[in-house]
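Novice: Input entry_12.pdb, format and content: PDB, C-alpha atoms and all ligand atoms.
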ATOM      1  CA  MET A   1      -9.654  12.439  15.705
ATOM      2  CA  VAL A   2     -13.006  11.899  13.941
ATOM      3  CA  ASP A   3     -15.070   9.137  15.551
ATOM      4  CA  THR A   4     -15.839   6.478  12.958
ATOM      5  CA  PRO A   5     -17.793   3.271  13.622
ATOM      6  CA  THR A   6     -15.397   0.407  14.343
ATOM      7  CA  PRO A   7     -15.303  -2.038  11.390
ATOM      8  CA  ALA A   8     -15.920  -5.675  12.341
ATOM      9  CA  SER A   9     -12.612  -7.534  12.535
ATOM     10  CA  ARG A  10     -11.941  -9.608   9.464
ATOM     11  CA  GLU A  11     -12.415 -13.380   9.685
ATOM     12  CA  MET A  12      -9.994 -15.908   8.227
ATOM     13  CA  ASP A  13     -11.317 -16.863   4.748
ATOM     14  CA  ILE A  14      -9.202 -19.251   2.714
ATOM     15  CA  ASP A  15     -11.983 -20.200   0.308
ATOM     16  CA  ARG A  16     -11.687 -16.990  -1.667
ATOM     17  CA  PRO A  17      -8.456 -15.492  -2.981
ATOM     18  CA  CYS A  18      -7.327 -12.440  -1.031
ATOM     19  CA  ALA A  19      -5.476  -9.320  -2.158
ATOM     20  CA  ALA A  20      -2.347  -9.868  -0.060
ATOM     21  CA  ARG A  21      -1.660 -13.335  -1.427
ATOM     22  CA  ILE A  22      -2.650 -12.483  -5.042
ATOM     23  CA  TYR A  23      -0.038  -9.728  -4.808
ATOM     24  CA  ASP A  24       2.475 -12.171  -3.299
ATOM     25  CA  ALA A  25       1.793 -14.620  -6.159
ATOM     26  CA  PHE A  26       2.521 -11.918  -8.756
ATOM     27  CA  LEU A  27       5.682 -10.864  -6.914
ATOM     28  CA  GLY A  28       6.928 -14.456  -6.961
ATOM     29  CA  GLY A  29       6.666 -14.885  -3.179
ATOM     30  CA  GLY A  30       6.052 -18.109  -1.320
ATOM     31  CA  HIS A  31       3.063 -17.017   0.785
ATOM     32  CA  ASN A  32       0.120 -17.757  -1.488
ATOM     33  CA  LEU A  33      -2.376 -20.569  -1.872
ATOM     34  CA  GLY A  34      -3.604 -22.500  -4.934
ATOM     35  CA  SER A  35      -6.715 -20.292  -5.132
ATOM     36  CA  GLU A  36      -4.575 -17.175  -5.446
ATOM     37  CA  ARG A  37      -2.257 -18.749  -8.005
ATOM     38  CA  SER A  38      -5.180 -19.809 -10.201
ATOM     39  CA  PHE A  39      -6.804 -16.388  -9.780
ATOM     40  CA  ALA A  40      -3.512 -14.778 -10.870
ATOM     41  CA  GLU A  41      -3.465 -17.047 -13.945
ATOM     42  CA  ARG A  42      -7.031 -16.004 -14.827
ATOM     43  CA  LEU A  43      -6.099 -12.346 -14.442
ATOM     44  CA  GLU A  44      -3.091 -12.894 -16.680
ATOM     45  CA  ARG A  45      -5.316 -14.498 -19.339
ATOM     46  CA  ALA A  46      -7.827 -11.631 -19.153
ATOM     47  CA  LEU A  47      -5.132  -8.925 -19.088
ATOM     48  CA  PRO A  48      -1.893 -10.310 -20.575
ATOM     49  CA  GLY A  49       1.151  -8.875 -18.835
ATOM     50  CA  VAL A  50      -0.868  -7.568 -15.864
ATOM     51  CA  GLY A  51       1.810  -8.845 -13.469
ATOM     52  CA  GLU A  52       3.803  -5.719 -14.341
ATOM     53  CA  VAL A  53       1.213  -3.643 -12.452
ATOM     54  CA  TYR A  54       1.935  -5.474  -9.187
ATOM     55  CA  ARG A  55       5.711  -5.350  -9.677
ATOM     56  CA  GLU A  56       5.491  -1.680 -10.619
ATOM     57  CA  ASN A  57       3.687  -0.943  -7.352
ATOM     58  CA  ARG A  58       6.337  -2.678  -5.266
ATOM     59  CA  ALA A  59       9.106  -0.879  -7.203
ATOM     60  CA  PHE A  60       7.312   2.431  -6.536
ATOM     61  CA  VAL A  61       7.188   1.640  -2.798
ATOM     62  CA  ARG A  62      10.951   1.075  -2.878
ATOM     63  CA  ARG A  63      11.665   4.317  -4.719
ATOM     64  CA  ALA A  64       9.318   6.294  -2.458
ATOM     65  CA  VAL A  65      10.875   4.863   0.733
ATOM     66  CA  GLU A  66      14.377   5.624  -0.597
ATOM     67  CA  PHE A  67      13.189   9.177  -1.359
ATOM     68  CA  LEU A  68      11.901   9.597   2.218
ATOM     69  CA  LEU A  69      15.024   8.083   3.775
ATOM     70  CA  ALA A  70      17.153  10.553   1.803
ATOM     71  CA  ARG A  71      15.029  13.322   3.363
ATOM     72  CA  GLY A  72      15.670  12.077   6.869
ATOM     73  CA  VAL A  73      12.454  10.165   7.541
ATOM     74  CA  ARG A  74      13.198   7.294   9.907
ATOM     75  CA  GLN A  75       9.765   6.025  10.951
ATOM     76  CA  PHE A  76       7.233   4.450   8.629
ATOM     77  CA  LEU A  77       3.602   3.493   9.055
ATOM     78  CA  ASP A  78       2.498   1.126   6.304
ATOM     79  CA  LEU A  79      -1.299   0.767   6.022
ATOM     80  CA  GLY A  80      -2.465  -2.397   4.256
ATOM     81  CA  SER A  81       1.119  -3.546   4.028
ATOM     82  CA  GLY A  82       0.484  -7.042   2.738
ATOM     83  CA  ILE A  83       3.198  -9.608   3.430
ATOM     84  CA  PRO A  84       6.505  -7.755   3.894
ATOM     85  CA  THR A  85       8.662  -9.830   1.567
ATOM     86  CA  ILE A  86      10.598  -9.085  -1.598
ATOM     87  CA  GLY A  87      11.932  -5.590  -0.997
ATOM     88  CA  HIS A  88       9.435  -4.184   1.472
ATOM     89  CA  VAL A  89       9.912  -1.115   3.674
ATOM     90  CA  HIS A  90      12.209  -2.509   6.420
ATOM     91  CA  GLU A  91      14.445  -4.198   3.837
ATOM     92  CA  VAL A  92      14.785  -0.947   1.892
ATOM     93  CA  ALA A  93      15.412   1.031   5.095
ATOM     94  CA  ARG A  94      18.071  -1.264   6.501
ATOM     95  CA  ARG A  95      20.118  -1.000   3.310
ATOM     96  CA  ARG A  96      20.569   2.674   4.242
ATOM     97  CA  THR A  97      20.468   2.913   8.036
ATOM     98  CA  ARG A  98      20.141   1.005  11.288
ATOM     99  CA  ASP A  99      18.083   3.838  12.716
ATOM    100  CA  PHE A 100      14.562   3.176  11.432
ATOM    101  CA  ARG A 101      11.199   1.915  12.668
ATOM    102  CA  VAL A 102       8.380   0.377  10.646
ATOM    103  CA  LEU A 103       4.869  -0.484  11.748
ATOM    104  CA  TYR A 104       3.099  -2.754   9.300
ATOM    105  CA  VAL A 105      -0.705  -2.864   9.466
ATOM    106  CA  ASP A 106      -3.035  -5.288   7.734
ATOM    107  CA  ASN A 107      -6.514  -6.558   8.502
ATOM    108  CA  GLU A 108      -6.205 -10.005   6.914
ATOM    109  CA  PRO A 109      -5.544 -12.610   9.628
ATOM    110  CA  LEU A 110      -3.494 -15.090   7.575
ATOM    111  CA  THR A 111      -1.379 -12.238   6.207
ATOM    112  CA  VAL A 112      -0.594 -11.278   9.787
ATOM    113  CA  ALA A 113       0.218 -14.892  10.668
ATOM    114  CA  HIS A 114       2.536 -15.219   7.644
ATOM    115  CA  SER A 115       4.187 -11.871   8.271
ATOM    116  CA  ARG A 116       5.091 -11.947  11.957
ATOM    117  CA  PRO A 117       7.670 -14.762  11.643
ATOM    118  CA  LEU A 118       9.289 -12.868   8.750
ATOM    119  CA  LEU A 119      10.023 -10.028  11.167
ATOM    120  CA  ALA A 120      11.457 -12.217  13.915
ATOM    121  CA  GLY A 121      14.911 -10.868  14.730
ATOM    122  CA  GLU A 122      14.045  -7.398  13.374
ATOM    123  CA  PRO A 123      13.267  -5.324  16.496
ATOM    124  CA  ARG A 124      12.769  -2.187  14.407
ATOM    125  CA  ALA A 125       9.672  -3.545  12.629
ATOM    126  CA  GLU A 126       6.338  -4.752  14.034
ATOM    127  CA  PHE A 127       3.206  -6.109  12.411
ATOM    128  CA  ILE A 128      -0.275  -5.514  13.794
ATOM    129  CA  GLN A 129      -3.667  -6.724  12.736
ATOM    130  CA  ALA A 130      -5.879  -3.655  12.433
ATOM    131  CA  ASP A 131      -8.248  -2.094   9.942
ATOM    132  CA  CYS A 132      -7.132   1.113   8.243
ATOM    133  CA  ARG A 133     -10.776   2.245   8.274
ATOM    134  CA  ASP A 134     -10.414   2.572  12.036
ATOM    135  CA  PRO A 135      -7.548   5.078  12.490
ATOM    136  CA  LYS A 136      -7.742   4.905  16.297
ATOM    137  CA  SER A 137      -7.121   1.149  16.296
ATOM    138  CA  VAL A 138      -4.008   1.795  14.221
ATOM    139  CA  LEU A 139      -2.610   4.946  15.832
ATOM    140  CA  HIS A 140      -3.420   3.956  19.420
ATOM    141  CA  ALA A 141      -2.317   0.316  19.156
ATOM    142  CA  PRO A 142       0.293  -0.430  21.867
ATOM    143  CA  GLU A 143       2.854  -1.347  19.185
ATOM    144  CA  ALA A 144       2.213   1.971  17.409
ATOM    145  CA  VAL A 145       2.613   3.941  20.627
ATOM    146  CA  GLU A 146       5.832   2.030  21.370
ATOM    147  CA  LEU A 147       7.375   2.258  17.904
ATOM    148  CA  ILE A 148       6.082   5.417  16.230
ATOM    149  CA  ASP A 149       6.602   8.840  17.794
ATOM    150  CA  LEU A 150       3.834  11.004  16.351
ATOM    151  CA  ASP A 151       5.697  14.126  17.525
ATOM    152  CA  GLU A 152       8.340  13.350  14.905
ATOM    153  CA  PRO A 153       7.910  13.133  11.110
ATOM    154  CA  VAL A 154       6.437   9.889   9.814
ATOM    155  CA  GLY A 155       6.395   8.365   6.356
ATOM    156  CA  LEU A 156       2.790   7.192   5.985
ATOM    157  CA  LEU A 157       2.297   4.638   3.238
ATOM    158  CA  MET A 158      -1.152   4.272   1.747
ATOM    159  CA  THR A 159      -0.089   2.176  -1.195
ATOM    160  CA  ALA A 160      -2.469  -0.094  -3.082
ATOM    161  CA  VAL A 161      -4.864  -0.160  -0.136
ATOM    162  CA  PHE A 162      -7.458   2.611  -0.348
ATOM    163  CA  HIS A 163      -8.781   1.098  -3.586
ATOM    164  CA  PHE A 164     -10.133  -1.632  -1.279
ATOM    165  CA  VAL A 165     -12.050   0.935   0.786
ATOM    166  CA  PRO A 166     -15.567   1.559  -0.566
ATOM    167  CA  ASP A 167     -17.007   5.078  -0.811
ATOM    168  CA  SER A 168     -19.442   4.156   1.971
ATOM    169  CA  ASP A 169     -16.439   4.056   4.360
ATOM    170  CA  ASP A 170     -15.409   7.604   3.361
ATOM    171  CA  PRO A 171     -11.831   6.998   2.154
ATOM    172  CA  LEU A 172     -11.204  10.733   1.640
ATOM    173  CA  GLY A 173     -12.303  11.497   5.205
ATOM    174  CA  LEU A 174     -10.097   8.679   6.503
ATOM    175  CA  ALA A 175      -7.096  10.012   4.586
ATOM    176  CA  GLY A 176      -7.739  13.401   6.218
ATOM    177  CA  THR A 177      -7.801  11.827   9.675
ATOM    178  CA  TYR A 178      -4.415  10.187   9.060
ATOM    179  CA  ARG A 179      -2.949  13.397   7.603
ATOM    180  CA  ASP A 180      -4.132  15.341  10.660
ATOM    181  CA  ALA A 181      -2.350  12.887  12.989
ATOM    182  CA  LEU A 182       1.050  13.714  11.434
ATOM    183  CA  VAL A 183       3.411  16.569  12.299
ATOM    184  CA  PRO A 184       4.842  18.945   9.661
ATOM    185  CA  GLY A 185       7.734  17.374   7.793
ATOM    186  CA  SER A 186       5.859  14.073   7.547
ATOM    187  CA  TYR A 187       5.210  12.512   4.162
ATOM    188  CA  LEU A 188       2.279  10.665   2.604
ATOM    189  CA  VAL A 189       2.922   8.038  -0.076
ATOM    190  CA  VAL A 190      -0.076   7.011  -2.188
ATOM    191  CA  SER A 191      -0.749   4.523  -4.946
ATOM    192  CA  HIS A 192      -4.264   3.668  -6.080
ATOM    193  CA  LEU A 193      -5.982   1.887  -8.962
ATOM    194  CA  THR A 194      -7.300   4.379 -11.496
ATOM    195  CA  ASP A 195      -9.662   4.070 -14.445
ATOM    196  CA  SER A 196      -8.511   7.357 -16.009
ATOM    197  CA  HIS A 197      -6.048   5.930 -18.539
ATOM    198  CA  ASP A 198      -7.093   2.326 -19.278
ATOM    199  CA  PRO A 199     -10.779   2.222 -18.292
ATOM    200  CA  ASP A 200     -11.462  -1.166 -19.893
ATOM    201  CA  ALA A 201      -8.541  -2.832 -18.114
ATOM    202  CA  ALA A 202      -9.516  -1.205 -14.806
ATOM    203  CA  ARG A 203     -13.079  -2.454 -15.237
ATOM    204  CA  THR A 204     -11.892  -5.996 -16.050
ATOM    205  CA  LEU A 205      -9.667  -6.009 -12.968
ATOM    206  CA  ALA A 206     -12.429  -4.696 -10.712
ATOM    207  CA  THR A 207     -14.943  -7.209 -12.122
ATOM    208  CA  LEU A 208     -12.625 -10.156 -11.468
ATOM    209  CA  TYR A 209     -11.755  -8.931  -7.966
ATOM    210  CA  GLN A 210     -15.476  -9.026  -7.122
ATOM    211  CA  GLU A 211     -14.934 -12.779  -6.702
ATOM    212  CA  THR A 212     -12.227 -12.271  -4.114
ATOM    213  CA  ALA A 213     -12.348 -11.373  -0.445
ATOM    214  CA  ASP A 214     -11.144  -7.868  -1.430
ATOM    215  CA  PRO A 215     -13.366  -6.105  -3.992
ATOM    216  CA  LEU A 216     -11.592  -3.259  -5.797
ATOM    217  CA  TYR A 217     -12.814   0.300  -6.381
ATOM    218  CA  PRO A 218     -10.946   2.116  -9.185
ATOM    219  CA  ARG A 219     -11.130   5.922  -9.046
ATOM    220  CA  ASP A 220     -10.155   8.708 -11.386
ATOM    221  CA  ALA A 221      -6.765  10.384 -11.202
ATOM    222  CA  ALA A 222      -8.121  13.642  -9.707
ATOM    223  CA  TRP A 223      -9.812  11.691  -6.910
ATOM    224  CA  VAL A 224      -6.535   9.879  -6.125
ATOM    225  CA  ALA A 225      -4.643  13.193  -6.060
ATOM    226  CA  SER A 226      -7.179  14.558  -3.569
ATOM    227  CA  LEU A 227      -5.968  11.976  -1.002
ATOM    228  CA  PHE A 228      -3.004  14.344  -0.516
ATOM    229  CA  GLY A 229      -5.294  17.133   0.758
ATOM    230  CA  ASP A 230      -3.253  20.265   1.429
ATOM    231  CA  PHE A 231       0.093  18.438   1.564
ATOM    232  CA  GLN A 232       2.796  19.721  -0.840
ATOM    233  CA  VAL A 233       3.083  17.209  -3.634
ATOM    234  CA  MET A 234       6.712  16.430  -4.461
ATOM    235  CA  PRO A 235       7.912  16.573  -8.086
ATOM    236  CA  PRO A 236       6.960  15.141 -10.516
ATOM    237  CA  GLY A 237       3.527  15.417  -8.846
ATOM    238  CA  PRO A 238       0.845  12.753  -8.817
ATOM    239  CA  THR A 239       1.292  10.571 -11.868
ATOM    240  CA  TYR A 240       1.246   7.008 -13.166
ATOM    241  CA  LEU A 241       3.672   5.057 -11.044
ATOM    242  CA  SER A 242       6.001   4.131 -13.886
ATOM    243  CA  ARG A 243       6.584   7.885 -14.380
ATOM    244  CA  TRP A 244       7.302   8.646 -10.727
ATOM    245  CA  ARG A 245      11.082   9.127 -10.486
ATOM    246  CA  PRO A 246      11.842   6.025 -12.557
ATOM    247  CA  ASP A 247      15.142   4.245 -12.070
ATOM    248  CA  PRO A 248      17.701   5.321 -14.708
ATOM    249  CA  ASP A 249      17.356   2.026 -16.583
ATOM    250  CA  GLN A 250      13.549   2.096 -16.516
ATOM    251  CA  SER A 251      11.380   3.528 -19.278
ATOM    252  CA  ALA A 252       7.659   4.312 -18.873
ATOM    253  CA  ALA A 253       7.286   3.326 -22.530
ATOM    254  CA  GLN A 254       7.998  -0.303 -21.519
ATOM    255  CA  HIS A 255       4.722  -0.354 -19.595
ATOM    256  CA  ARG A 256       1.621  -1.774 -21.198
ATOM    257  CA  TYR A 257      -0.802  -0.648 -18.488
ATOM    258  CA  HIS A 258      -1.233   2.628 -16.654
ATOM    259  CA  LEU A 259      -3.497   1.476 -13.884
ATOM    260  CA  LEU A 260      -1.817   2.774 -10.747
ATOM    261  CA  TYR A 261      -1.644   6.454  -9.943
ATOM    262  CA  GLY A 262       0.028   8.150  -7.012
ATOM    263  CA  GLY A 263       3.009  10.004  -5.663
ATOM    264  CA  VAL A 264       4.526  11.488  -2.526
ATOM    265  CA  ALA A 265       3.552  14.637  -0.634
ATOM    266  CA  ARG A 266       4.942  16.487   2.403
ATOM    267  CA  LYS A 267       3.033  18.048   5.252
ATOM    268  CA  PRO A 268       3.964  21.752   5.283
TER     269      PRO A 268
HETATM  270  C1  LIG B 301      -2.206  -5.150  -2.764
HETATM  271  S1  LIG B 301      -1.732  -5.271  -1.089
HETATM  272  C2  LIG B 301      -0.661  -3.862  -0.986
HETATM  273  C3  LIG B 301       0.586  -4.115  -0.189
HETATM  274  C4  LIG B 301       1.480  -2.900   0.057
HETATM  275  N1  LIG B 301       0.746  -1.790   0.627
HETATM  276  C5  LIG B 301       2.210  -2.442  -1.172
HETATM  277  O1  LIG B 301       1.810  -1.422  -1.736
HETATM  278  O2  LIG B 301       3.178  -3.094  -1.585
HETATM  279  C6  LIG B 301      -3.155  -4.627  -0.237
HETATM  280  C7  LIG B 301      -3.232  -5.013   1.204
HETATM  281  O3  LIG B 301      -4.236  -4.209   1.852
HETATM  282  C8  LIG B 301      -4.869  -5.018   2.830
HETATM  283  N2  LIG B 301      -6.154  -4.391   3.180
HETATM  284  C9  LIG B 301      -7.272  -4.305   2.420
HETATM  285  N3  LIG B 301      -8.234  -3.642   3.107
HETATM  286  C10 LIG B 301      -7.695  -3.293   4.307
HETATM  287  C11 LIG B 301      -8.176  -2.596   5.438
HETATM  288  N4  LIG B 301      -9.421  -2.129   5.463
HETATM  289  N5  LIG B 301      -7.363  -2.418   6.509
HETATM  290  C12 LIG B 301      -6.080  -2.913   6.487
HETATM  291  N6  LIG B 301      -5.578  -3.598   5.428
HETATM  292  C13 LIG B 301      -6.366  -3.777   4.358
HETATM  293  C14 LIG B 301      -4.987  -6.365   2.172
HETATM  294  O4  LIG B 301      -5.168  -7.401   3.124
HETATM  295  C15 LIG B 301      -3.648  -6.449   1.434
HETATM  296  O5  LIG B 301      -2.674  -7.071   2.216
END
Could you render the structure as structure tokens?

Specialist:
Amino acid sequence: MVDTPTPASREMDIDRPCAARIYDAFLGGGHNLGSERSFAERLERALPGVGEVYRENRAFVRRAVEFLLARGVRQFLDLGSGIPTIGHVHEVARRRTRDFRVLYVDNEPLTVAHSRPLLAGEPRAEFIQADCRDPKSVLHAPEAVELIDLDEPVGLLMTAVFHFVPDSDDPLGLAGTYRDALVPGSYLVVSHLTDSHDPDAARTLATLYQETADPLYPRDAAWVASLFGDFQVMPPGPTYLSRWRPDPDQSAAQHRYHLLYGGVARKP
């Protein structure tokens, strides 16, 4: 594993809105503060209908996890998981099987505090506070060692998180480190903010997020696809999330924004 400098652990900051609770506010969850709700309202004024982008991401996570479950994946590592409410990985998994394990990872302390009680009574899911920029702290955490068998295939979720990792922290190198830790038959699920289709909207979003505790870094579609490295990308390939295996009643034409790009790939 490549040795990277350990990022300083994140302090509690309730003065600025944070990504996890902005997302929760858009999903209609109950784990957000006034600052996040007013930030969400400002975003909505600047980009009418932008809430669909957040809901589309969570719907993509569901479809991707269902896709992996159908292919026999039973253990999931969710980097930058946010608060696991409203149809998150363990809820999707337990609709299909009792034989699953999920390790949720987030670096935001209040997110961790909100999330742990939600998992009480669910022995197959754990939540740790760790920084995805420090793969060792994730992969070697006692809970990870206990829950996730790296000799067996893993579904690694990198959804809506690497767009919070600046270039100076080498997101492509980090993705490679995580890919290398997985055995063949594992899958990588990616979603990431892109400026390839709606550059003005991506710029507006990134500018507003500068005021939050989680600045955003949109990247072009080819860059996002390169997170998959030499993994085999599953049909339909990397694409805008609304086009990735949509539900039968869902039409990509209903979507105003194409801001999130991603897909699913398998380690050969
Ligand atoms: C928009 S939420 C995405 C939630 C979930 N992955 C999903 O796709 O539904 C992004 C999450 O990434 C977390 N995050 C941002 N930077 C992180 C880092 N360096 N390490 C771990 N988590 C991080 C934030 O705290 C937030 O909860």

Novice: Of the candidates A:Pro236, A:Pro142, A:Gly80, A:Pro48, which shows the shortest atom-to-atom distance to Thr159 of chain A, using all atoms listed in the file?

Specialist: A:Gly80

Novice: Using only the atoms of ligand LIG 301 (chain B) listed in the file, plus 3 Å on each side, state the axis-aligned box centre and edge lengths in Å rounded to one decimal, as lines of an AutoDock Vina configuration file.

Specialist:
center_x = -3.1
center_y = -4.4
center_z = 1.9
size_x = 18.6
size_y = 12.0
size_z = 15.3

Novice: Could you tell me which residues the PyMOL selection byres (((chain A and resi 156) around 7) and not hetatm) returns for this structure, as a count of residues only?

Specialist: 10

Novice: With the PyMOL selection byres (((chain A and resi 206-222) around 10) and not hetatm) as the selection, what would be picked from this file? Answer as a PyMOL selection string, please.

Specialist: chain A and resi 13-20+22+35-36+39+42-43+46+108+161-167+192-197+199-205+223-227+238-240+259-262

Novice: Would you work out the distance separating atom C15 of ligand LIG 301 (chain B) from atom CA of Pro153 of chain A, expressed in Å to one decimal?

Specialist: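 These atoms are spaced 24.7 Å apart.
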
Novice: Using all atoms listed in the file, which of A:Ala40, A:Arg124, A:Ile86, A:Val112 sits nearest Asp99 of chain A?

Specialist: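 Closest candidate: A:Arg124.
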